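Shown next: data36.cif, containing mmCIF, C-alpha atoms.
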data_data
loop_
_atom_site.label_atom_id
_atom_site.label_comp_id
_atom_site.auth_asym_id
_atom_site.auth_seq_id
_atom_site.Cartn_x
_atom_site.Cartn_y
_atom_site.Cartn_z
CA MET H 1 -3.42 -0.38 -24.97
CA ALA H 2 -2.55 1.54 -21.82
CA ASP H 3 0.47 0.38 -19.88
CA ARG H 4 -0.56 -1.61 -16.82
CA ARG H 5 1.63 -2.37 -13.81
CA VAL H 6 1.25 -4.61 -10.77
CA ASP H 7 1.11 -2.83 -7.43
CA PRO H 8 2.90 -5.22 -5.00
CA ASP H 9 0.84 -3.73 -2.18
CA ASP H 10 -2.22 -5.73 -3.30
CA GLY H 11 -0.95 -7.74 -6.29
CA ALA H 12 -3.43 -6.12 -8.72
CA ALA H 13 -2.65 -4.51 -12.10
CA TYR H 14 -3.50 -0.84 -12.74
CA THR H 15 -3.16 1.78 -15.43
CA TRP H 16 -1.31 4.97 -14.54
CA ASP H 17 -4.61 6.87 -14.27
CA GLU H 18 -6.08 4.36 -11.82
CA PHE H 19 -2.81 4.14 -9.90
CA SER H 20 -2.33 7.91 -9.54
CA VAL H 21 -5.96 8.49 -8.54
CA TYR H 22 -5.75 5.86 -5.81
CA TYR H 23 -2.57 7.30 -4.24
CA LYS H 24 -3.43 10.96 -4.80
CA GLY H 25 -3.55 12.79 -1.49
CA LYS H 26 -1.58 10.07 0.27
CA TYR H 27 1.79 10.89 -1.27
CA LYS H 28 3.34 13.67 -3.28
CA LYS H 29 3.21 13.31 -7.06
CA LYS H 30 6.97 12.69 -7.30
CA ALA H 31 6.76 9.81 -4.80
CA ILE H 32 3.83 8.26 -6.70
CA GLU H 33 5.76 8.48 -9.97
CA GLU H 34 8.81 6.80 -8.43
CA TYR H 35 6.70 4.03 -6.94
CA TRP H 36 5.06 3.48 -10.35
CA GLU H 37 8.51 3.01 -11.90
CA GLU H 38 9.23 0.27 -9.33
CA CYS H 39 6.10 -1.70 -10.26
CA LYS H 40 6.51 -4.56 -12.75
CA PRO H 41 4.76 -4.04 -16.11
CA VAL H 42 2.12 -6.60 -17.11
CA LYS H 43 2.90 -8.56 -20.27
CA LYS H 44 0.32 -7.83 -22.97
CA GLY H 45 -0.71 -11.48 -23.39
CA LYS H 46 -1.25 -11.90 -19.68
CA ASP H 47 -3.18 -8.63 -19.49
CA LYS H 48 -5.68 -9.88 -22.06
CA ALA H 49 -6.06 -13.22 -20.41
CA LYS H 50 -6.95 -11.69 -17.06
CA GLY H 51 -10.10 -10.11 -18.41
CA LYS H 52 -12.03 -8.01 -15.97
CA GLY H 53 -10.13 -7.94 -12.73
CA LYS H 54 -9.32 -5.66 -9.90
CA GLY H 55 -6.70 -3.87 -11.99
CA GLU H 56 -9.25 -2.93 -14.65
CA GLU H 57 -11.41 -0.68 -12.54
CA PRO H 58 -12.48 2.41 -14.52
CA LYS H 59 -11.30 5.82 -13.32
CA ALA H 60 -14.62 6.67 -11.73
CA LYS H 61 -14.68 3.42 -9.80
CA ALA H 62 -11.09 3.86 -8.68
CA LYS H 63 -11.91 7.36 -7.47
CA ALA H 64 -14.99 6.08 -5.68
CA LYS H 65 -12.83 3.47 -3.99
CA VAL H 66 -10.58 6.20 -2.62
CA LYS H 67 -13.56 8.21 -1.35
CA ALA H 68 -15.12 5.13 0.20
CA GLU H 69 -12.05 4.30 2.23
CA PRO H 70 -12.45 5.62 5.78
CA LYS H 71 -10.28 8.68 6.39
CA ALA H 72 -8.78 7.26 9.57
CA LYS H 73 -7.73 4.06 7.80
CA ALA H 74 -6.20 5.94 4.85
CA LYS H 75 -4.39 8.30 7.19
CA ALA H 76 -3.01 5.43 9.29
CA LYS H 77 -1.83 3.58 6.17
CA ALA H 78 -0.10 6.68 4.81
CA LYS H 79 1.55 7.37 8.14
CA ALA H 80 2.83 3.80 8.52
CA ARG H 81 4.31 3.73 5.06
CA LYS H 82 7.48 5.67 4.39
CA PRO H 83 7.64 7.44 1.03
CA PRO H 84 10.45 6.50 -1.37
CA GLY H 85 13.77 8.14 -0.68
CA ALA H 86 13.68 8.09 3.11
CA PHE H 87 16.47 5.61 3.88
CA LYS H 88 20.18 5.65 4.60
CA VAL H 89 22.34 2.76 3.38
CA CYS H 90 26.00 1.89 3.93
CA VAL H 91 28.12 -0.41 1.76
CA CYS H 92 31.06 -1.75 3.80
CA GLY H 93 33.81 -2.70 1.37
CA GLY H 94 32.28 -0.26 -1.09
CA ALA H 95 35.51 0.40 -2.99
CA GLY H 96 36.07 -3.28 -3.86
CA GLY H 97 35.18 -5.43 -6.85
CA ILE H 98 31.69 -6.20 -5.54
CA GLY H 99 31.33 -3.00 -3.56
CA GLN H 100 31.60 -0.56 -6.46
CA PRO H 101 28.84 -2.00 -8.70
CA LEU H 102 26.76 -2.70 -5.60
CA SER H 103 27.12 0.93 -4.51
CA MET H 104 26.12 2.14 -7.96
CA PHE H 105 22.96 0.01 -8.05
CA ILE H 106 22.02 1.18 -4.55
CA ALA H 107 22.63 4.83 -5.45
CA LEU H 108 20.06 4.41 -8.25
CA ASP H 109 17.35 3.13 -5.90
CA PRO H 110 14.66 5.81 -5.35
CA ASN H 111 14.29 4.58 -1.75
CA VAL H 112 17.84 5.74 -0.94
CA LYS H 113 18.28 9.25 0.41
CA GLU H 114 21.87 8.86 1.61
CA LEU H 115 24.58 6.32 0.76
CA SER H 116 27.78 5.77 2.75
CA VAL H 117 30.66 4.09 0.93
CA PHE H 118 33.10 2.65 3.49
CA ASP H 119 36.41 0.87 2.95
CA LEU H 120 39.90 0.56 4.40
CA ASN H 121 42.87 2.79 3.57
CA ILE H 122 44.47 -0.10 1.62
CA ALA H 123 41.67 -0.17 -0.95
CA MET H 124 42.92 0.34 -4.53
CA VAL H 125 40.40 3.15 -4.95
CA PRO H 126 39.73 5.54 -2.05
CA PRO H 127 36.08 5.36 -0.94
CA ALA H 128 35.91 9.14 -1.24
CA GLY H 129 36.71 8.72 -4.94
CA VAL H 130 33.93 6.16 -5.39
CA ALA H 131 31.55 8.52 -3.61
CA ALA H 132 32.59 11.47 -5.81
CA ASP H 133 32.08 9.34 -8.92
CA LEU H 134 28.60 8.18 -7.85
CA GLY H 135 27.80 11.69 -6.69
CA HIS H 136 27.65 12.78 -10.33
CA LEU H 137 24.72 10.49 -11.15
CA ASP H 138 21.53 12.43 -11.87
CA LYS H 139 19.78 10.86 -8.89
CA LYS H 140 18.71 12.39 -5.60
CA SER H 141 20.79 10.12 -3.33
CA GLU H 142 23.66 11.86 -1.54
CA VAL H 143 26.84 9.77 -1.51
CA LYS H 144 29.66 10.14 1.03
CA GLY H 145 32.92 8.22 1.39
CA TYR H 146 34.43 7.02 4.67
CA VAL H 147 37.75 5.34 5.39
CA ALA H 148 39.26 3.43 8.32
CA GLU H 149 42.85 2.36 8.87
CA LEU H 150 43.83 -1.28 8.44
CA GLY H 151 44.38 -2.99 11.79
CA LYS H 152 42.32 -0.51 13.80
CA PRO H 153 38.86 -1.50 15.04
CA ALA H 154 36.07 0.04 12.99
CA VAL H 155 33.99 0.52 16.13
CA THR H 156 36.48 3.19 17.32
CA ASP H 157 38.33 4.27 14.16
CA LEU H 158 35.42 4.72 11.74
CA ASP H 159 33.60 8.06 11.68
CA PRO H 160 30.28 7.36 13.48
CA GLU H 161 28.44 9.42 10.82
CA CYS H 162 29.14 6.61 8.34
CA LEU H 163 26.71 4.25 10.08
CA LYS H 164 24.62 6.53 12.26
CA GLY H 165 20.99 6.46 11.14
CA CYS H 166 21.49 3.59 8.65
CA ASN H 167 18.48 1.43 7.85
CA LEU H 168 20.46 -1.09 5.81
CA VAL H 169 24.14 -2.06 5.82
CA LEU H 170 25.39 -4.18 2.91
CA ILE H 171 28.66 -5.97 3.72
CA PRO H 172 30.68 -7.35 0.76
CA ALA H 173 33.91 -6.87 2.78
CA GLY H 174 36.41 -9.66 3.38
CA MET H 175 39.02 -11.60 1.46
CA PRO H 176 38.19 -13.78 -1.58
CA ARG H 177 39.04 -17.48 -1.42
CA LYS H 178 42.47 -18.24 -2.87
CA PRO H 179 43.32 -21.39 -4.88
CA GLY H 180 43.87 -24.31 -2.50
CA GLN H 181 42.34 -22.47 0.44
CA THR H 182 39.60 -24.31 2.33
CA ARG H 183 36.40 -22.63 3.48
CA ASP H 184 37.55 -23.14 7.09
CA ASP H 185 40.77 -21.22 6.33
CA LEU H 186 38.74 -18.47 4.69
CA PHE H 187 36.37 -18.35 7.66
CA LYS H 188 39.21 -17.74 10.11
CA VAL H 189 40.23 -14.63 8.14
CA ASN H 190 36.82 -13.25 7.23
CA ALA H 191 35.04 -13.92 10.52
CA ASP H 192 37.23 -11.35 12.27
CA ILE H 193 36.70 -8.85 9.44
CA ALA H 194 32.93 -9.32 9.61
CA LYS H 195 32.98 -9.11 13.42
CA GLY H 196 34.74 -5.73 13.28
CA ILE H 197 32.04 -4.29 11.03
CA VAL H 198 29.19 -5.87 12.99
CA GLU H 199 30.59 -4.37 16.21
CA ALA H 200 30.47 -0.90 14.66
CA CYS H 201 26.91 -1.49 13.45
CA ALA H 202 25.83 -2.75 16.89
CA LYS H 203 27.08 0.50 18.37
CA HIS H 204 25.99 3.06 15.77
CA CYS H 205 22.94 1.52 14.02
CA PRO H 206 21.63 -1.45 16.06
CA GLU H 207 18.23 -1.34 14.34
CA ALA H 208 19.67 -1.63 10.83
CA ILE H 209 19.38 -4.76 8.67
CA LEU H 210 22.86 -6.19 8.05
CA ALA H 211 23.06 -8.02 4.70
CA MET H 212 26.14 -10.25 4.76
CA ILE H 213 27.98 -11.05 1.51
CA VAL H 214 31.13 -12.09 3.41
CA ASN H 215 32.16 -15.66 2.54
CA PRO H 216 31.72 -18.33 3.70
CA VAL H 217 28.15 -17.08 4.23
CA ASN H 218 27.03 -20.46 5.64
CA SER H 219 29.29 -19.94 8.68
CA ILE H 220 29.60 -16.14 8.84
CA VAL H 221 25.85 -15.48 9.23
CA PRO H 222 25.38 -17.88 12.19
CA ALA H 223 28.52 -16.46 13.83
CA MET H 224 27.37 -12.85 13.54
CA ALA H 225 23.72 -13.59 14.40
CA GLU H 226 24.73 -15.49 17.55
CA LEU H 227 27.07 -12.65 18.55
CA TYR H 228 24.18 -10.20 18.08
CA LYS H 229 21.99 -12.44 20.24
CA LYS H 230 24.65 -12.57 23.00
CA LYS H 231 24.71 -8.76 22.95
CA GLY H 232 20.95 -8.62 23.45
CA LEU H 233 20.27 -7.54 19.87
CA ASP H 234 17.91 -9.10 17.32
CA PRO H 235 19.65 -11.95 15.41
CA MET H 236 17.01 -11.61 12.66
CA LYS H 237 18.71 -8.33 11.69
CA ILE H 238 21.56 -10.46 10.26
CA VAL H 239 20.65 -11.63 6.74
CA GLY H 240 22.78 -13.77 4.42
CA VAL H 241 22.72 -12.68 0.78
CA THR H 242 22.08 -15.76 -1.38
CA THR H 243 20.24 -13.89 -4.14
CA LEU H 244 22.92 -14.65 -6.74
CA ASP H 245 21.98 -18.35 -6.61
CA CYS H 246 18.38 -17.42 -7.52
CA VAL H 247 19.56 -15.05 -10.26
CA ARG H 248 21.76 -17.75 -11.79
CA ALA H 249 19.11 -20.47 -11.55
CA SER H 250 16.53 -18.30 -13.30
CA LYS H 251 19.05 -17.25 -15.98
CA PHE H 252 20.11 -20.81 -16.74
CA VAL H 253 16.48 -21.97 -16.96
CA GLY H 254 15.83 -19.11 -19.37
CA GLN H 255 18.74 -20.20 -21.55
CA ILE H 256 17.47 -23.78 -21.72
CA THR H 257 13.82 -22.94 -22.35
CA GLY H 258 14.28 -19.83 -24.47
CA LYS H 259 12.08 -17.85 -22.04
CA ASN H 260 12.75 -14.42 -20.55
CA PRO H 261 14.48 -15.01 -17.17
CA ASN H 262 12.84 -11.84 -15.87
CA PHE H 263 9.63 -13.86 -15.62
CA ILE H 264 11.30 -16.95 -14.10
CA ASN H 265 11.64 -17.23 -10.34
CA VAL H 266 13.39 -20.38 -9.14
CA PRO H 267 13.61 -20.53 -5.33
CA VAL H 268 17.03 -21.64 -4.05
CA ILE H 269 17.04 -23.08 -0.53
CA GLY H 270 19.63 -24.56 1.84
CA GLY H 271 22.83 -22.55 1.97
CA HIS H 272 25.25 -20.59 -0.20
CA ALA H 273 28.13 -22.94 -1.07
CA GLY H 274 28.54 -26.06 -3.18
CA ILE H 275 26.11 -28.86 -2.42
CA THR H 276 24.21 -26.71 0.10
CA ILE H 277 22.90 -24.62 -2.81
CA MET H 278 19.62 -26.29 -3.76
CA PRO H 279 17.49 -24.85 -6.59
CA VAL H 280 13.85 -25.98 -6.39
CA PHE H 281 13.08 -26.12 -10.11
CA SER H 282 9.72 -27.83 -9.57
CA GLN H 283 8.32 -24.68 -7.94
CA ASP H 284 8.70 -22.49 -11.04
CA LYS H 285 6.27 -23.17 -13.88
CA THR H 286 8.90 -22.60 -16.61
CA ALA H 287 11.62 -24.65 -14.91
CA ALA H 288 9.11 -27.42 -14.25
CA THR H 289 8.81 -27.99 -18.02
CA ILE H 290 12.47 -29.03 -18.34
CA ASP H 291 13.09 -32.74 -18.90
CA GLN H 292 13.76 -34.36 -15.52
CA GLU H 293 16.86 -36.06 -16.95
CA LYS H 294 18.49 -32.64 -17.37
CA ILE H 295 17.75 -31.40 -13.83
CA ALA H 296 20.76 -32.98 -12.08
CA GLU H 297 23.15 -31.34 -14.57
CA LEU H 298 21.36 -28.00 -14.27
CA ASP H 299 21.42 -28.29 -10.48
CA LYS H 300 25.19 -28.87 -10.57
CA ARG H 301 25.71 -25.89 -12.84
CA VAL H 302 24.00 -23.58 -10.34
CA GLN H 303 26.16 -25.01 -7.53
CA ASP H 304 29.39 -24.51 -9.51
CA ALA H 305 28.50 -21.21 -11.18
CA GLY H 306 31.02 -19.26 -9.13
CA THR H 307 33.83 -21.50 -10.36
CA GLU H 308 32.55 -21.00 -13.91
CA VAL H 309 33.19 -17.25 -13.57
CA VAL H 310 36.60 -17.70 -11.90
CA ASN H 311 37.72 -19.99 -14.73
CA ALA H 312 36.43 -17.56 -17.38
CA LYS H 313 38.49 -14.82 -15.73
CA ASN H 314 41.57 -17.09 -15.73
CA GLY H 315 41.77 -16.95 -11.96
CA LYS H 316 42.13 -13.16 -12.01
CA GLY H 317 38.77 -12.45 -10.44
CA SER H 318 35.47 -13.87 -9.28
CA ALA H 319 31.77 -13.01 -9.62
CA THR H 320 31.88 -9.34 -8.76
CA LEU H 321 29.46 -7.72 -11.21
CA SER H 322 26.72 -10.34 -10.92
CA MET H 323 27.17 -10.38 -7.14
CA GLY H 324 26.85 -6.59 -7.06
CA TYR H 325 23.62 -6.88 -9.03
CA ALA H 326 22.25 -9.66 -6.83
CA GLY H 327 23.18 -7.90 -3.59
CA ALA H 328 21.44 -4.76 -4.80
CA ARG H 329 18.34 -6.76 -5.71
CA LEU H 330 18.06 -8.02 -2.14
CA GLY H 331 18.87 -4.56 -0.79
CA ARG H 332 16.17 -3.04 -2.95
CA SER H 333 13.63 -5.57 -1.66
CA ILE H 334 14.60 -4.94 1.96
CA LEU H 335 14.19 -1.17 1.51
CA ALA H 336 10.84 -1.62 -0.25
CA GLY H 337 9.73 -3.76 2.68
CA LEU H 338 10.84 -1.13 5.17
CA ALA H 339 8.77 1.37 3.20
CA GLY H 340 5.70 -0.81 3.73
CA ARG H 341 5.73 -2.58 0.37
CA ARG H 342 5.94 -6.29 1.16
CA ARG H 343 8.64 -8.16 -0.77
CA VAL H 344 9.63 -11.83 -0.91
CA GLU H 345 13.20 -12.95 -1.59
CA CYS H 346 15.24 -16.03 -0.73
CA ALA H 347 17.73 -15.28 2.05
CA TYR H 348 19.83 -17.15 4.63
CA VAL H 349 18.54 -16.36 8.13
CA LYS H 350 17.91 -17.78 11.58
CA SER H 351 15.10 -20.21 10.96
CA ASP H 352 12.93 -22.95 12.46
CA ILE H 353 11.40 -24.33 9.26
CA THR H 354 13.85 -27.28 9.32
CA ASP H 355 15.82 -28.98 12.08
CA LEU H 356 18.74 -26.61 11.34
CA PRO H 357 18.97 -23.25 13.17
CA TYR H 358 19.92 -21.36 9.98
CA PHE H 359 18.56 -21.99 6.52
CA THR H 360 17.91 -20.31 3.16
CA SER H 361 14.29 -20.10 2.07
CA LYS H 362 11.79 -17.50 0.92
CA VAL H 363 11.61 -14.61 3.37
CA VAL H 364 8.98 -11.90 3.62
CA PHE H 365 10.52 -8.46 4.12
CA GLY H 366 8.32 -5.80 5.69
CA GLU H 367 8.48 -2.69 7.81
CA GLY H 368 10.55 -4.35 10.54
CA GLY H 369 12.87 -6.21 8.17
CA VAL H 370 12.41 -9.99 8.23
CA GLN H 371 8.66 -10.31 8.76
CA LYS H 372 8.24 -14.02 8.15
CA VAL H 373 10.34 -17.01 7.10
CA LEU H 374 8.28 -19.07 4.67
CA PRO H 375 8.28 -22.89 4.61
CA ILE H 376 10.11 -24.88 1.93
CA GLY H 377 6.96 -25.99 0.14
CA GLU H 378 6.36 -29.17 -1.82
CA LEU H 379 9.40 -31.02 -3.19
CA ASN H 380 9.60 -33.82 -5.74
CA GLU H 381 11.52 -37.05 -5.18
CA TYR H 382 14.82 -35.72 -6.55
CA GLU H 383 14.60 -32.53 -4.45
CA THR H 384 13.70 -34.43 -1.27
CA LYS H 385 16.90 -36.47 -1.60
CA ARG H 386 18.94 -33.38 -2.41
CA LEU H 387 17.58 -31.58 0.65
CA GLU H 388 19.04 -34.21 2.97
CA GLU H 389 22.46 -33.90 1.27
CA ALA H 390 22.36 -30.11 1.52
CA LYS H 391 21.35 -30.16 5.18
CA ALA H 392 24.12 -32.61 6.12
CA ALA H 393 26.80 -30.32 4.66
CA LEU H 394 25.17 -27.14 5.94
CA LYS H 395 24.97 -28.46 9.51
CA ILE H 396 28.76 -28.70 9.74
CA GLU H 397 29.25 -25.16 8.40
CA ILE H 398 26.67 -23.74 10.81
CA GLU H 399 28.46 -25.39 13.73
CA THR H 400 31.69 -23.63 12.71
CA GLY H 401 29.95 -20.26 12.98
CA VAL H 402 28.23 -21.05 16.28
CA LYS H 403 31.52 -22.15 17.86
CA TYR H 404 33.11 -18.86 16.80
CA ALA H 405 30.33 -16.93 18.51
CA GLU H 406 30.73 -18.97 21.68
CA ALA H 407 34.43 -18.05 21.85
CA ASN H 408 34.02 -14.32 21.06
CA GLU H 409 32.11 -11.20 22.13
CA LEU H 410 31.14 -7.95 20.43
CA ASN H 411 33.35 -5.27 21.94
CA CYS H 412 31.06 -2.28 21.74
#

Whole structure, structure tokens version:
Amino acid sequence: MADRRVDPDDGAAYTWDEFSVYYKGKYKKKAIEEYWEECKPVKKGKDKAKGKGKGEEPKAKAKAKVKAEPKAKAKAKAKARKPPGAFKVCVCGGAGGIGQPLSMFIALDPNVKELSVFDLNIAMVPPAGVAADLGHLDKKSEVKGYVAELGKPAVTDLDPECLKGCNLVLIPAGMPRKPGQTRDDLFKVNADIAKGIVEACAKHCPEAILAMIVNPVNSIVPAMAELYKKKGLDPMKIVGVTTLDCVRASKFVGQITGKNPNFINVPVIGGHAGITIMPVFSQDKTAATIDQEKIAELDKRVQDAGTEVVNAKNGKGSATLSMGYAGARLGRSILAGLAGRRRVECAYVKSDITDLPYFTSKVVFGEGGVQKVLPIGELNEYETKRLEEAKAALKIEIETGVKYAEANELNC
């Protein structure tokens, strides 16, 4: 049976012959092949069950469909949609524990033409060394390293070429939380670090999407978004990376049910710390089969998963590899959206779907970045109660970030 893959542009499954015929003339063959590799394969059982559908059009019909499409419409669609490999990305903190695997995953993305790896001169590995290492991968992305001196503002000390022309900036910079340190203590340190990077972005790439991995995300994102707003820039360009919570929730459900987590998609709403992390198990068909008596324990495991990793590493590290993977997953979706291929991921953004000004929920990423913030959806009794607990804790952490923004300005 011919391999069939789902084109996210219309949600239908196609064979390679049908796929290539449809896009022939719109994009170069190399770009079509790379896009095909991005598409998710259809499981054989599901393919049979679908029967005759849109994805099963014969070659002749697919070709006729291309001919039938008005030339003006096809031309406009092709023009509006950037081919793979057109984007520039920067990873700030790219020589760190999260930054290195994150940079590697991003360098592998066919949508990336140029990757900047930026870090401070105190990094254990010089960013130029990380760039040289990644530069040997047999991929088309060009990787360059950039360094700034500790204590000097990035907006003036960093080479402007690092950020100039960037479409996406991933920011895993900042200090990890130390034993006994509160999130408020961590915020005081990392807010200034994040602000320095955001200032440089506001000056050199104000249209870029800034994906924040700097903890505590629940406070950092509101702080940076409000500072962007004060500067007259779009606060929706500031996106909190909460993807790791979704990755963990789907993995843990897979372990319990014996199903492949690649086909499990548990939305995680609320925030990105402790009780504010709220997996919505009822909205995934596999997770919904788990005995309700086990949900509270599973919920708690997702909340405490970061501690699970820290303990396994005997306090000598945190979730760096899985965070690098999760950050790259969100980055990949953002870039696909910018290229005109709609993607949906959970993310922490400025929002009006609840009574809180910032909230994690499903977000549609498109050509302008955040295209739409989707509503929470239906919750069961347990989740409705949990939502109120999550919101109460999240409200306090949002206020911390907003107060920081009120007391500071972007100096650029």

I would like the residues chosen by the PyMOL selection byres ((chain H and resi 196-207) around 10) on the shown file; could you give them as a PyMOL selection string?
chain H and resi 92-93+152-169+171+173+190-195+208-210+212+224-225+227-228+231+233-234+237-238+368-369+409-412

Target residues per the PyMOL selection byres ((chain H and resi 354) around 10), formatted as a ChimeraX atom specification
/H:270,351-353,355-359,375-376,391

Among the residues H:Gly366, H:Pro110, H:Gly258, H:Gly315, the one that comes closest to Leu338 in chain H [using all atoms listed in the file]:
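Of H:Gly366, H:Pro110, H:Gly258, H:Gly315, the one nearest Leu338 in chain H, counting all atoms listed in the file, is H:Gly366.
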
Report as number ranges by chain the full result of the PyMOL selection byres ((chain H and resi 322) around 9) when it is applied to this structure.
H: 98, 101, 244, 247-248, 319-321, 323-327

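Shortest atom-to-atom contact with Leu186 in chain H among H:Lys140, H:Gly174, H:Pro267, H:Lys259: H:Gly174, counting all atoms listed in the file.
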
State, in Å with one decimal place, the distance from CA of Asp304 in chain H to CA of Gly271 in chain H.
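Taking CA of Asp304 in chain H as the start and CA of Gly271 in chain H as the end point, the length is 13.4 Å.
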
Which of these residues is nearest to Lys230 in chain H, using all atoms listed in the file: H:Phe105, H:Ala95, H:Val309, H:Glu406?
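Ranked by minimum distance to Lys230 in chain H, first place goes to H:Glu406.
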
Using only C-alpha atoms, can you tell me which of H:Val147, H:Val21, H:Cys39, H:Ala131 comes closest to Pro8 in chain H?
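Counting only C-alpha atoms, the residue closest to Pro8 in chain H is H:Cys39.
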
Would you mind telling me which residue in H:Val268, H:Ala312, H:Val125, H:Val253 lies nearest to Glu345 in chain H when using all atoms listed in the file?
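Going through H:Val268, H:Ala312, H:Val125, H:Val253 one by one, the smallest distance to Glu345 in chain H is for H:Val268.
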
Nearest candidate to Gly254 in chain H (options H:Thr276, H:Asn408, H:Asn111, H:Thr286; using all atoms listed in the file):
H:Thr286

Just the residues within 10 Å of Ile106 in chain H, please, counting all atoms listed in the file, with nothing from its chain fewer than 2 positions along; format it as a ChimeraX atom specification.
/H:89-91,100-104,108-112,114-115,141,170,324-325,327-329,331-332

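One distance worth recording is that between CA of Val42 in chain H and CA of Ala13 in chain H, which is 7.2 Å.
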
Can you pull out every residue within 9 Å of Asp7 in chain H, counting all atoms listed in the file, but drop anything in the same chain fewer than 2 positions away, and send it as number ranges by chain?
H: 5, 9-14, 19, 35-36, 38-40

Which residues, written as a VMD selection string, have at least one atom at most 9 Å from Leu379 in chain H, with all atoms listed in the file counted and residues fewer than 4 positions away on the same chain left out?
chain H and resid 280 282 to 283 383 to 384

Could you tell me how far CA of Gln371 in chain H sits from CA of Tyr22 in chain H, in Å to one decimal place?
26.1 Å
